[in-house]
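Chemist: What follows is the file target-v2.cif, containing mmCIF, C-alpha atoms:
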```cif
data_input
#
loop_
_atom_site.group_PDB
_atom_site.id
_atom_site.type_symbol
_atom_site.label_atom_id
_atom_site.label_comp_id
_atom_site.auth_asym_id
_atom_site.auth_seq_id
_atom_site.Cartn_x
_atom_site.Cartn_y
_atom_site.Cartn_z
ATOM 1 C CA MET A 1 -38.160 27.727 5.007
ATOM 2 C CA LYS A 2 -34.905 28.857 6.563
ATOM 3 C CA PHE A 3 -34.379 31.749 8.973
ATOM 4 C CA GLN A 4 -31.179 33.607 9.695
ATOM 5 C CA LEU A 5 -30.830 35.625 12.887
ATOM 6 C CA ILE A 6 -28.296 38.275 13.767
ATOM 7 C CA ILE A 7 -27.993 38.658 17.527
ATOM 8 C CA ASP A 8 -26.025 41.255 19.490
ATOM 9 C CA ARG A 9 -23.725 39.409 21.856
ATOM 10 C CA GLN A 10 -23.720 41.972 24.673
ATOM 11 C CA THR A 11 -27.423 42.792 24.830
ATOM 12 C CA GLU A 12 -28.586 39.365 23.577
ATOM 13 C CA MET A 13 -31.157 41.133 21.406
ATOM 14 C CA ILE A 14 -32.247 39.917 17.983
ATOM 15 C CA ILE A 15 -31.136 42.638 15.578
ATOM 16 C CA SER A 16 -32.045 41.244 12.174
ATOM 17 C CA THR A 17 -33.957 38.358 10.629
ATOM 18 C CA GLU A 18 -33.936 36.940 7.121
ATOM 19 C CA LEU A 19 -36.189 34.329 5.529
ATOM 20 C CA PHE A 20 -35.281 31.997 2.667
ATOM 21 C CA ASN A 21 -36.610 28.945 0.965
ATOM 22 C CA GLY A 22 -34.642 26.092 2.521
ATOM 23 C CA LYS A 23 -34.472 24.161 -0.755
ATOM 24 C CA ALA A 24 -32.931 27.023 -2.698
ATOM 25 C CA HIS A 25 -30.311 28.014 -0.130
ATOM 26 C CA ASP A 26 -28.682 25.066 1.534
ATOM 27 C CA HIS A 27 -25.706 26.835 3.010
ATOM 28 C CA ASP A 28 -25.822 29.485 5.739
ATOM 29 C CA LEU A 29 -22.883 31.330 4.225
ATOM 30 C CA THR A 30 -24.774 31.718 0.932
ATOM 31 C CA ILE A 31 -27.625 33.424 2.781
ATOM 32 C CA LEU A 32 -25.213 35.717 4.579
ATOM 33 C CA LYS A 33 -23.516 36.701 1.307
ATOM 34 C CA GLN A 34 -26.812 37.565 -0.362
ATOM 35 C CA THR A 35 -28.396 39.552 2.433
ATOM 36 C CA THR A 36 -26.110 41.029 5.021
ATOM 37 C CA ARG A 37 -23.247 43.472 4.785
ATOM 38 C CA VAL A 38 -21.318 43.413 8.051
ATOM 39 C CA ASP A 39 -18.902 46.160 9.033
ATOM 40 C CA PRO A 40 -15.332 44.732 9.066
ATOM 41 C CA ALA A 41 -14.815 46.041 12.612
ATOM 42 C CA ILE A 42 -17.596 43.811 13.980
ATOM 43 C CA LEU A 43 -16.658 40.367 15.272
ATOM 44 C CA VAL A 44 -18.841 37.710 13.655
ATOM 45 C CA ILE A 45 -19.216 34.411 15.534
ATOM 46 C CA GLY A 46 -20.764 31.564 13.586
ATOM 47 C CA ASP A 47 -21.187 27.828 13.643
ATOM 48 C CA SER A 48 -19.874 25.265 11.174
ATOM 49 C CA GLY A 49 -22.510 26.308 8.603
ATOM 50 C CA TYR A 50 -20.459 29.430 7.967
ATOM 51 C CA ARG A 51 -17.281 27.651 6.769
ATOM 52 C CA GLY A 52 -15.326 30.016 4.532
ATOM 53 C CA LEU A 53 -16.508 33.150 6.317
ATOM 54 C CA GLN A 54 -12.901 34.090 7.112
ATOM 55 C CA LYS A 55 -12.294 34.741 3.408
ATOM 56 C CA LEU A 56 -15.183 37.230 3.224
ATOM 57 C CA HIS A 57 -14.977 38.730 6.688
ATOM 58 C CA PRO A 58 -11.516 38.618 8.303
ATOM 59 C CA ASN A 59 -12.871 39.526 11.756
ATOM 60 C CA SER A 60 -14.782 36.265 12.222
ATOM 61 C CA LEU A 61 -14.574 33.448 14.714
ATOM 62 C CA LEU A 62 -15.530 29.885 13.836
ATOM 63 C CA PRO A 63 -14.859 26.621 15.660
ATOM 64 C CA ILE A 64 -12.038 24.457 14.322
ATOM 65 C CA ARG A 65 -13.723 21.107 13.809
ATOM 66 C CA HIS A 66 -12.836 19.584 10.464
ATOM 67 C CA LYS A 67 -9.849 17.259 10.235
ATOM 68 C CA ALA A 68 -8.429 19.149 7.241
ATOM 69 C CA ASP A 69 -8.452 22.343 9.336
ATOM 70 C CA ILE A 70 -6.665 20.607 12.205
ATOM 71 C CA ASP A 71 -3.927 19.205 9.934
ATOM 72 C CA LYS A 72 -3.015 22.741 8.837
ATOM 73 C CA LEU A 73 -2.404 23.863 12.426
ATOM 74 C CA THR A 74 0.928 24.066 14.201
ATOM 75 C CA ASP A 75 1.473 22.189 17.474
ATOM 76 C CA GLU A 76 0.951 25.371 19.473
ATOM 77 C CA GLN A 77 -2.325 26.089 17.682
ATOM 78 C CA LYS A 78 -3.494 22.518 18.268
ATOM 79 C CA ALA A 79 -2.902 22.972 21.985
ATOM 80 C CA THR A 80 -5.090 26.095 22.127
ATOM 81 C CA ARG A 81 -7.758 24.646 19.796
ATOM 82 C CA LYS A 82 -9.716 22.927 22.550
ATOM 83 C CA GLN A 83 -9.844 26.047 24.723
ATOM 84 C CA SER A 84 -10.777 28.206 21.744
ATOM 85 C CA ASN A 85 -13.612 25.908 20.677
ATOM 86 C CA LYS A 86 -14.870 25.797 24.257
ATOM 87 C CA SER A 87 -15.036 29.591 24.506
ATOM 88 C CA ILE A 88 -16.802 29.823 21.129
ATOM 89 C CA ALA A 89 -19.288 27.148 22.238
ATOM 90 C CA SER A 90 -20.088 29.057 25.441
ATOM 91 C CA ILE A 91 -20.881 32.168 23.395
ATOM 92 C CA ARG A 92 -22.926 30.146 20.891
ATOM 93 C CA MET A 93 -24.872 28.524 23.741
ATOM 94 C CA LYS A 94 -26.429 31.897 24.601
ATOM 95 C CA ILE A 95 -27.491 32.240 20.977
ATOM 96 C CA GLU A 96 -28.975 28.742 20.967
ATOM 97 C CA HIS A 97 -31.003 29.644 24.075
ATOM 98 C CA ILE A 98 -32.502 32.573 22.172
ATOM 99 C CA VAL A 99 -33.329 30.278 19.238
ATOM 100 C CA GLY A 100 -34.955 27.893 21.741
ATOM 101 C CA CYS A 101 -37.128 30.748 23.031
ATOM 102 C CA ILE A 102 -38.294 31.408 19.463
ATOM 103 C CA LYS A 103 -39.035 27.712 18.907
ATOM 104 C CA ARG A 104 -41.404 27.736 21.897
ATOM 105 C CA PHE A 105 -43.823 29.594 19.644
ATOM 106 C CA LYS A 106 -43.791 26.597 17.228
ATOM 107 C CA ILE A 107 -43.536 28.800 14.121
ATOM 108 C CA VAL A 108 -40.039 27.458 13.427
ATOM 109 C CA ALA A 109 -40.227 24.107 15.208
ATOM 110 C CA GLU A 110 -43.149 22.737 13.176
ATOM 111 C CA LYS A 111 -44.408 22.961 9.613
ATOM 112 C CA TYR A 112 -45.884 26.382 8.859
ATOM 113 C CA ARG A 113 -49.366 25.900 7.396
ATOM 114 C CA ASN A 114 -50.473 29.474 6.726
ATOM 115 C CA ARG A 115 -49.732 31.799 3.819
ATOM 116 C CA LEU A 116 -46.033 32.403 3.289
ATOM 117 C CA LYS A 117 -46.711 36.050 2.535
ATOM 118 C CA ARG A 118 -47.063 36.848 6.238
ATOM 119 C CA LEU A 119 -44.462 34.414 7.629
ATOM 120 C CA LEU A 120 -41.636 36.940 7.971
ATOM 121 C CA LEU A 121 -43.977 39.462 9.601
ATOM 122 C CA ARG A 122 -45.116 36.890 12.151
ATOM 123 C CA PHE A 123 -41.561 35.715 12.762
ATOM 124 C CA ASN A 124 -40.434 39.316 13.360
ATOM 125 C CA LEU A 125 -43.295 39.806 15.826
ATOM 126 C CA ILE A 126 -42.244 36.678 17.704
ATOM 127 C CA CYS A 127 -38.633 37.923 17.764
ATOM 128 C CA GLY A 128 -39.905 41.198 19.215
ATOM 129 C CA VAL A 129 -41.773 39.313 21.940
ATOM 130 C CA VAL A 130 -38.655 37.264 22.717
ATOM 131 C CA ASN A 131 -36.548 40.440 22.904
ATOM 132 C CA TYR A 132 -39.107 41.960 25.275
ATOM 133 C CA GLU A 133 -39.294 38.854 27.498
ATOM 134 C CA ARG A 134 -35.512 38.568 27.796
ATOM 135 C CA ASN A 135 -35.087 42.225 28.803
ATOM 136 C CA VAL A 136 -37.944 42.590 31.288
#
```
Starting from the file, give its structure as structure tokens.
Modeler:
Amino acid sequence: MKFQLIIDRQTEMIISTELFNGKAHDHDLTILKQTTRVDPAILVIGDSGYRGLQKLHPNSLLPIRHKADIDKLTDEQKATRKQSNKSIASIRMKIEHIVGCIKRFKIVAEKYRNRLKRLLLRFNLICGVVNYERNV
């Protein structure tokens, strides 16, 4: 199973969760296309799983990692690439800490052996507990 989280950057609260069969949806961008409509005014920050997001959502920020992406850059853009990727990584690190808090409950970290019917409900409850713990 595959989960997608939408987290508010300022409050560091989990806003939305989605659940998909990991075999059917291999790409994070495919999940985002099928489930979430994001207002164009909102800045979306993603990891390398969201390659191509700029075409769908112009107000998005992704790290420049792939060699083909680097070859298309000018010399000035190449100079700022390292600083840009560093700032994106520092923002993403906060998100990864939240994901780590969820994984402490082992529902995502290990194989889920209960009925799948209640998995999203349980995952949402865990996200609520994580939101509560982080804001107390």
Chemist: For Asp47 in chain A, which residue out of A:Ser60, A:Gln77, A:Asn21, A:Asn114 is the nearest one, using all atoms listed in the file?
Modeler: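 Selected residue with least distance to Asp47 in chain A: A:Ser60.
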Chemist: Determine, for each residue of range 11-64 of chain A having at least one atom at most 12 Å from an atom of range 129-132 of chain A, the closest pair of atoms and their separation in Å to one decimal, counting all atoms listed in the file; order by chain and ascending number, as JSON lines.
Modeler:
```
{"residue": "A:Thr11", "atom": "CA", "partner": "A:Asn131", "partner_atom": "CA", "distance": 9.6}
{"residue": "A:Glu12", "atom": "CA", "partner": "A:Asn131", "partner_atom": "CA", "distance": 8.1}
{"residue": "A:Met13", "atom": "CA", "partner": "A:Asn131", "partner_atom": "CA", "distance": 5.6}
{"residue": "A:Ile14", "atom": "CA", "partner": "A:Asn131", "partner_atom": "CA", "distance": 6.6}
{"residue": "A:Ile15", "atom": "CA", "partner": "A:Asn131", "partner_atom": "CA", "distance": 9.4}
{"residue": "A:Ser16", "atom": "CA", "partner": "A:Asn131", "partner_atom": "CA", "distance": 11.7}
```
Chemist: What does the structure give for the distance between CA of Gln4 in chain A and CA of Glu18 in chain A, in Å to one decimal?
Modeler: 5.0 Å
Chemist: Kindly provide, as a PDB file with C-alpha atoms, keeping the file's coordinate frame, the polymer residues lying within 8 Å of (-39.0, 32.3, 2.5), counting all atoms listed in the file and using the coordinates exactly as they appear in the file.
Modeler:
```
ATOM      1  CA  MET A   1     -38.160  27.727   5.007  1.00  0.00           C
ATOM      2  CA  LYS A   2     -34.905  28.857   6.563  1.00  0.00           C
ATOM      3  CA  PHE A   3     -34.379  31.749   8.973  1.00  0.00           C
ATOM      4  CA  LEU A  19     -36.189  34.329   5.529  1.00  0.00           C
ATOM      5  CA  PHE A  20     -35.281  31.997   2.667  1.00  0.00           C
ATOM      6  CA  ASN A  21     -36.610  28.945   0.965  1.00  0.00           C
ATOM      7  CA  GLY A  22     -34.642  26.092   2.521  1.00  0.00           C
ATOM      8  CA  LEU A 116     -46.033  32.403   3.289  1.00  0.00           C
ATOM      9  CA  LEU A 119     -44.462  34.414   7.629  1.00  0.00           C
ATOM     10  CA  LEU A 120     -41.636  36.940   7.971  1.00  0.00           C
TER      11      LEU A 120
END
```
Chemist: Choose the residue, out of A:Gly100, A:Pro58, A:Pro63, A:Gly46, that has the smallest atom-to-atom separation from Leu29 in chain A; count only C-alpha atoms.
Modeler: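 Of A:Gly100, A:Pro58, A:Pro63, A:Gly46, the one nearest Leu29 in chain A is A:Gly46, counting only C-alpha atoms.
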Chemist: As an exercise, work out the distance from CA of Asn59 in chain A to CA of Asp39 in chain A in Å and give it to one decimal place.
Modeler: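 Rounded to one decimal, the two atoms are 9.4 Å apart.
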Chemist: Using all atoms listed in the file, which of the listed residues (A:Arg104, A:Arg92, A:Arg113, A:Lys78) sits closest to Cys127 in chain A?
Modeler: A:Arg104
Chemist: Please provide the set of residues having any atom within 10 Å of Ile107 in chain A, restricted to only C-alpha atoms, with same-chain residues fewer than 4 positions apart removed, written as a list in words.
Modeler: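 Within the cut-off, the hits are Ile102, Lys103, Lys111, Tyr112, Arg113, Leu119, Arg122, Phe123 and Ile126 of chain A.
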Chemist: How would the residues just picked look written out with C-alpha atoms as a PDB file, keeping the file's coordinate frame?
Modeler:
```
ATOM      1  CA  ILE A 102     -38.294  31.408  19.463  1.00  0.00           C
ATOM      2  CA  LYS A 103     -39.035  27.712  18.907  1.00  0.00           C
ATOM      3  CA  LYS A 111     -44.408  22.961   9.613  1.00  0.00           C
ATOM      4  CA  TYR A 112     -45.884  26.382   8.859  1.00  0.00           C
ATOM      5  CA  ARG A 113     -49.366  25.900   7.396  1.00  0.00           C
ATOM      6  CA  LEU A 119     -44.462  34.414   7.629  1.00  0.00           C
ATOM      7  CA  ARG A 122     -45.116  36.890  12.151  1.00  0.00           C
ATOM      8  CA  PHE A 123     -41.561  35.715  12.762  1.00  0.00           C
ATOM      9  CA  ILE A 126     -42.244  36.678  17.704  1.00  0.00           C
TER      10      ILE A 126
END
```
